[in-house]
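Okay, coords01.txt is below, compact mmCIF, C-alpha atoms:
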# COMPACT_ATOMS: atom_id res chain seq x y z
CA MET A 1 -35.41 60.85 39.25
CA GLU A 2 -38.50 59.36 40.88
CA LEU A 3 -40.88 56.85 39.36
CA THR A 4 -44.49 57.02 40.42
CA VAL A 5 -46.92 54.27 39.53
CA PHE A 6 -50.51 55.45 39.87
CA THR A 7 -53.36 53.23 41.03
CA PRO A 8 -54.87 51.39 38.06
CA GLN A 9 -58.09 52.87 36.73
CA GLN A 10 -60.80 51.35 34.56
CA VAL A 11 -61.24 53.51 31.47
CA THR A 12 -63.01 53.12 28.15
CA VAL A 13 -60.72 53.38 25.16
CA ASP A 14 -61.08 53.21 21.42
CA ASN A 15 -58.96 50.30 20.23
CA ASP A 16 -58.82 50.14 16.44
CA GLY A 17 -62.43 51.27 16.23
CA PHE A 18 -63.64 49.08 19.09
CA SER A 19 -64.72 50.63 22.36
CA GLN A 20 -63.12 48.70 25.20
CA VAL A 21 -62.96 49.03 28.96
CA VAL A 22 -59.35 48.61 29.98
CA THR A 23 -57.21 49.04 33.03
CA MET A 24 -55.07 52.10 32.71
CA LEU A 25 -51.83 52.11 34.59
CA MET A 26 -49.86 55.31 34.44
CA LEU A 27 -46.18 55.62 35.00
CA HIS A 28 -44.63 58.97 35.60
CA MET A 29 -40.95 59.68 35.82
CA GLU A 30 -40.26 62.89 37.68
CA GLY A 31 -37.47 64.74 35.90
CA GLY A 32 -36.60 61.61 34.00
CA ASN A 33 -35.54 60.89 30.48
CA ALA A 34 -37.44 58.82 27.99
CA VAL A 35 -37.57 55.12 28.77
CA GLU A 36 -37.92 52.63 25.97
CA LEU A 37 -39.97 49.53 26.49
CA LYS A 38 -39.64 46.66 24.04
CA VAL A 39 -41.81 43.58 24.21
CA TYR A 40 -40.91 40.64 22.00
CA VAL A 41 -43.86 38.35 21.41
CA MET A 42 -42.46 34.95 20.54
CA PRO A 43 -44.10 31.98 18.84
CA GLY A 44 -45.90 29.70 21.28
CA GLY A 45 -47.07 32.37 23.72
CA SER A 46 -43.93 33.65 25.36
CA VAL A 47 -42.74 37.22 25.74
CA GLN A 48 -39.49 38.95 26.60
CA ILE A 49 -39.69 42.46 28.03
CA PHE A 50 -36.75 44.86 27.75
CA VAL A 51 -36.51 48.20 29.52
CA ASP A 52 -33.92 50.58 28.22
CA GLY A 53 -32.94 54.19 28.87
CA GLN A 54 -31.39 56.38 31.50
CA VAL A 55 -32.94 54.52 34.41
CA SER A 56 -31.61 52.49 37.27
CA PHE A 57 -32.22 48.77 37.48
CA GLU A 58 -34.70 49.38 40.34
CA GLN A 59 -36.69 51.75 38.13
CA ALA A 60 -36.60 49.30 35.24
CA GLN A 61 -37.83 46.62 37.65
CA ALA A 62 -40.76 48.85 38.74
CA ILE A 63 -41.66 49.59 35.11
CA THR A 64 -41.56 45.89 34.21
CA GLN A 65 -43.76 44.98 37.17
CA ALA A 66 -46.25 47.69 36.15
CA VAL A 67 -46.29 46.36 32.58
CA MET A 68 -46.83 42.79 33.78
CA ALA A 69 -49.65 43.96 36.07
CA GLN A 70 -51.27 45.74 33.13
CA LEU A 71 -51.03 42.65 30.91
CA GLN A 72 -52.51 40.44 33.64
CA ALA A 73 -55.30 42.93 34.38
CA SER A 74 -56.27 42.81 30.72
CA GLY A 75 -56.89 39.07 31.00
CA ILE A 76 -53.57 37.62 29.83
CA ALA A 77 -53.01 34.64 32.11
CA PHE A 78 -49.29 33.94 32.35
CA ARG A 79 -48.34 30.45 33.49
CA GLU A 80 -44.86 31.63 34.39
CA ILE A 81 -43.19 34.96 34.96
CA GLY A 82 -39.43 35.07 35.35
CA THR A 83 -37.61 37.44 37.63
CA VAL A 84 -36.59 40.84 36.31
CA GLU A 85 -32.94 40.32 35.46
CA GLN A 86 -30.34 42.98 35.17
CA HIS A 87 -28.81 42.85 31.73
CA ARG A 88 -25.30 41.48 32.00
CA ASP A 89 -23.14 38.66 30.70
CA GLY A 90 -24.80 35.30 30.85
CA VAL A 91 -28.43 36.42 30.68
CA SER A 92 -29.95 34.50 27.79
CA HIS A 93 -32.39 36.50 25.65
CA VAL A 94 -33.36 37.19 22.04
CA HIS A 95 -31.15 39.15 19.70
CA ILE A 96 -32.40 40.67 16.50
CA THR A 97 -30.63 39.00 13.60
CA GLY A 98 -28.64 41.59 11.74
CA GLY A 99 -29.43 44.21 14.34
CA VAL A 100 -26.97 46.12 16.43
CA HIS A 101 -25.50 43.82 19.01
CA VAL A 102 -22.29 44.48 20.84
CA ARG A 103 -20.84 41.35 22.39
CA HIS A 104 -21.34 41.08 26.09
CA MET B 1 -32.70 45.83 19.93
CA PRO B 2 -29.21 46.98 20.78
CA CYS B 3 -29.32 44.78 23.85
CA ASN B 4 -25.99 46.07 25.13
CA LEU B 5 -28.01 49.11 26.23
CA ALA B 6 -30.88 47.26 27.92
CA VAL B 7 -31.23 47.78 31.66
CA SER B 8 -33.48 44.83 32.42
CA ILE B 9 -34.88 41.73 30.77
CA THR B 10 -37.88 39.70 31.89
CA LYS B 11 -39.39 36.55 30.41
CA ALA B 12 -42.93 35.29 30.75
CA ALA B 13 -45.18 32.78 29.02
CA VAL B 14 -48.86 32.02 28.81
CA SER B 15 -50.33 28.54 28.94
CA GLU B 16 -51.22 26.55 25.86
CA ALA B 17 -54.83 26.78 27.04
CA HIS B 18 -54.66 30.58 26.83
CA LEU B 19 -53.52 30.39 23.21
CA ARG B 20 -56.13 27.75 22.36
CA ALA B 21 -58.88 29.91 23.86
CA ILE B 22 -58.02 32.67 21.37
CA LEU B 23 -58.70 30.29 18.48
CA THR B 24 -62.47 30.44 18.38
CA PRO B 25 -64.29 29.05 15.33
CA GLU B 26 -65.50 32.59 14.48
CA VAL B 27 -61.91 33.78 14.26
CA ILE B 28 -60.30 30.90 12.39
CA LEU B 29 -63.07 29.91 9.95
CA PRO B 30 -62.60 32.89 7.57
CA LEU B 31 -58.81 32.51 7.78
CA ILE B 32 -58.96 28.83 6.83
CA GLU B 33 -61.27 29.72 3.95
CA ALA B 34 -58.78 32.34 2.77
CA TYR B 35 -55.89 29.87 3.12
CA LEU B 36 -57.67 27.25 1.01
CA ARG B 37 -58.19 29.87 -1.70
CA LEU B 38 -54.45 30.55 -1.99
CA PRO B 39 -52.90 29.35 -5.27
CA GLY B 40 -51.33 25.92 -4.99
CA VAL B 41 -53.03 24.84 -1.76
CA LEU B 42 -55.76 22.79 -3.42
CA HIS B 43 -55.24 20.34 -6.29
CA ALA B 44 -58.65 20.66 -7.98
CA GLU B 45 -60.21 18.78 -5.05
CA ARG B 46 -63.74 19.20 -3.78
CA VAL B 47 -63.82 21.20 -0.56
CA THR B 48 -66.43 21.57 2.17
CA LEU B 49 -65.99 23.71 5.24
CA GLN B 50 -68.47 23.71 8.08
CA ARG B 51 -68.74 24.66 11.69
CA GLN B 52 -69.82 21.91 14.09
CA GLY B 53 -70.23 23.34 17.58
CA ASP B 54 -66.81 24.50 18.77
CA ALA B 55 -65.05 22.77 15.88
CA ILE B 56 -64.51 23.41 12.19
CA VAL B 57 -64.64 20.45 9.85
CA VAL B 58 -62.75 20.76 6.58
CA THR B 59 -63.04 18.09 3.92
CA VAL B 60 -60.63 18.20 1.00
CA GLY B 61 -61.20 15.34 -1.39
CA ARG B 62 -61.05 12.20 0.79
CA VAL B 63 -59.29 13.92 3.68
CA THR B 64 -61.33 15.19 6.64
CA MET B 65 -59.75 17.50 9.21
CA THR B 66 -61.41 18.59 12.44
CA ILE B 67 -59.97 21.73 14.01
CA ARG B 68 -60.86 22.28 17.65
CA GLU B 69 -59.07 24.59 20.10
CA GLY B 70 -56.07 24.83 17.84
CA ARG B 71 -55.66 21.10 17.37
CA VAL B 72 -56.04 19.40 13.99
CA GLU B 73 -57.33 15.81 13.84
CA THR B 74 -57.24 14.15 10.46
CA GLN B 75 -59.20 11.22 9.11
CA ALA B 76 -57.51 9.65 6.11
CA THR B 77 -55.95 6.44 4.94
CA ARG B 78 -52.74 5.57 6.80
CA GLY B 79 -49.69 6.82 4.88
CA ASP B 80 -51.73 9.24 2.76
CA VAL B 81 -49.12 11.83 1.73
CA ARG B 82 -51.73 14.35 0.65
CA ALA B 83 -53.45 14.10 4.05
CA GLN B 84 -50.13 14.77 5.79
CA GLU B 85 -49.46 17.74 3.52
CA LEU B 86 -52.88 19.26 4.24
CA THR B 87 -52.61 18.59 7.99
CA ASP B 88 -49.17 20.20 8.16
CA GLY B 89 -50.41 23.24 6.23
CA ILE B 90 -53.51 23.76 8.40
CA SER B 91 -51.56 23.10 11.63
CA ALA B 92 -48.93 25.71 10.70
CA LEU B 93 -51.70 28.15 9.77
CA VAL B 94 -53.51 27.68 13.08
CA ALA B 95 -50.27 28.09 15.08
CA GLY B 96 -49.50 31.26 13.12
CA ILE B 97 -52.98 32.63 13.81
CA ALA B 98 -52.54 31.98 17.55
CA ASP B 99 -49.18 33.79 17.57
CA ALA B 100 -50.56 36.77 15.63
CA LEU B 101 -53.66 37.07 17.83
CA PHE B 102 -51.57 36.80 21.00
CA ALA B 103 -49.29 39.61 19.77
CA GLN B 104 -52.42 41.66 19.01
CA GLN B 105 -53.72 40.97 22.52
CA ILE B 106 -50.43 42.12 24.12
CA ARG B 107 -50.36 45.21 21.93
CA ALA B 108 -53.94 46.13 22.82
CA ALA B 109 -53.18 45.65 26.53
CA LEU B 110 -50.25 48.07 26.30
CA THR B 111 -52.18 50.88 24.57
CA PRO B 112 -53.04 52.62 27.88
CA PHE B 113 -49.31 53.38 28.21
CA GLY B 114 -49.17 55.14 24.84
CA THR B 115 -48.61 54.42 21.18
CA VAL B 116 -47.26 50.96 20.51
CA ALA B 117 -45.35 50.31 17.29
CA ALA B 118 -45.26 46.74 15.99
CA GLU B 119 -42.92 45.10 13.51
CA GLN B 120 -41.90 41.60 12.49
CA VAL B 121 -38.23 40.92 13.11
CA THR B 122 -36.01 37.86 12.94
CA VAL B 123 -34.19 37.08 16.16
CA ASP B 124 -31.63 34.60 17.36
CA ASN B 125 -33.24 32.92 20.37
CA ASP B 126 -30.68 30.64 21.99
CA GLY B 127 -29.35 29.64 18.59
CA VAL B 128 -32.76 29.23 16.96
CA SER B 129 -33.75 31.77 14.30
CA GLN B 130 -37.35 32.89 14.83
CA VAL B 131 -39.64 35.50 13.35
CA VAL B 132 -41.22 37.39 16.24
CA THR B 133 -43.36 40.48 16.75
CA MET B 134 -41.45 43.31 18.35
CA LEU B 135 -43.59 45.91 20.16
CA THR B 136 -41.87 49.17 20.98
CA MET B 137 -43.01 52.15 22.99
CA THR B 138 -41.43 55.13 24.65
CA LEU B 139 -42.51 56.11 28.14
CA MET B 140 -41.80 59.83 28.61

With the file now loaded, output its structure as structure tokens.
Amino acid sequence: MELTVFTPQQVTVDNDGFSQVVTMLMLHMEGGNAVELKVYVMPGGSVQIFVDGQVSFEQAQAITQAVMAQLQASGIAFREIGTVEQHRDGVSHVHITGGVHVRH
Amino acid sequence: MPCNLAVSITKAAVSEAHLRAILTPEVILPLIEAYLRLPGVLHAERVTLQRQGDAIVVTVGRVTMTIREGRVETQATRGDVRAQELTDGISALVAGIADALFAQQIRAALTPFGTVAAEQVTVDNDGVSQVVTMLTMTLM
């Protein structure tokens, strides 16, 4: 499975009825399965980005970096960006209350 | 999210200045007006609401609050319980507006990737229960 990140392009989109020029960043996974991206927007301006699916950590890392680049290109100025961490024991992150969560 | 399935996790944060910049008078004025119209917020007090440059000045009875870049400054008699109550209410409202607008901004920025679903969920964040916006999308 190969992940290709295309060069960002400026395109005009319709965003809830508003015409906007945005940076489009396309990700393509050759022969890949669906990848789920979850972004938790927390109070006070912080976010946690989860990549899930049948992908390797390196692919998840590339997807996360592409997402961060897209957010920054749209004018969101992050004061800090943590490293992309492989999900394992000891990585602190949000858990949905009452959601499915197997101990790890 | 069933986090036992997640492959990677990344954290990032914007500056307070970024959030404050979202809170323009044009955006927050109608929301403050709507808040003051909610049942129970006012106690039959006289209210004036006006824009002064980059600030909004709200006067409720003898309490005057100036809201500028997300900060609320209150002029009232020291120890005035009503002033504290109003300040707390407006401050919480303004913080909530900033969070909602930031989530909207993130969602809009992700639309080039595809359809983004949004929902409010309660999470356990290092032992603190928080209501957050969860944006989900599937990259095929």

For chain B, which residues have at least one atom within 8 Å of chain A, if we go by only C-alpha atoms? Write them as an NGL selection string, please.
:B and (1-16 or 18-19 or 95-96 or 98-99 or 102-103 or 106 or 108-110 or 112-113 or 121-126 or 129-140)

Between atom CA of Pro39 of chain B and atom CA of Thr66 of chain B lies a distance of 22.4 Å

Please return, as a PyMOL selection string, all polymer residues that have at least one atom within 12 Å of the point (-50.3, 14.6, 5.3); use all atoms listed in the file and the file's own coordinate frame.
chain B and resi 60+62-65+72-91
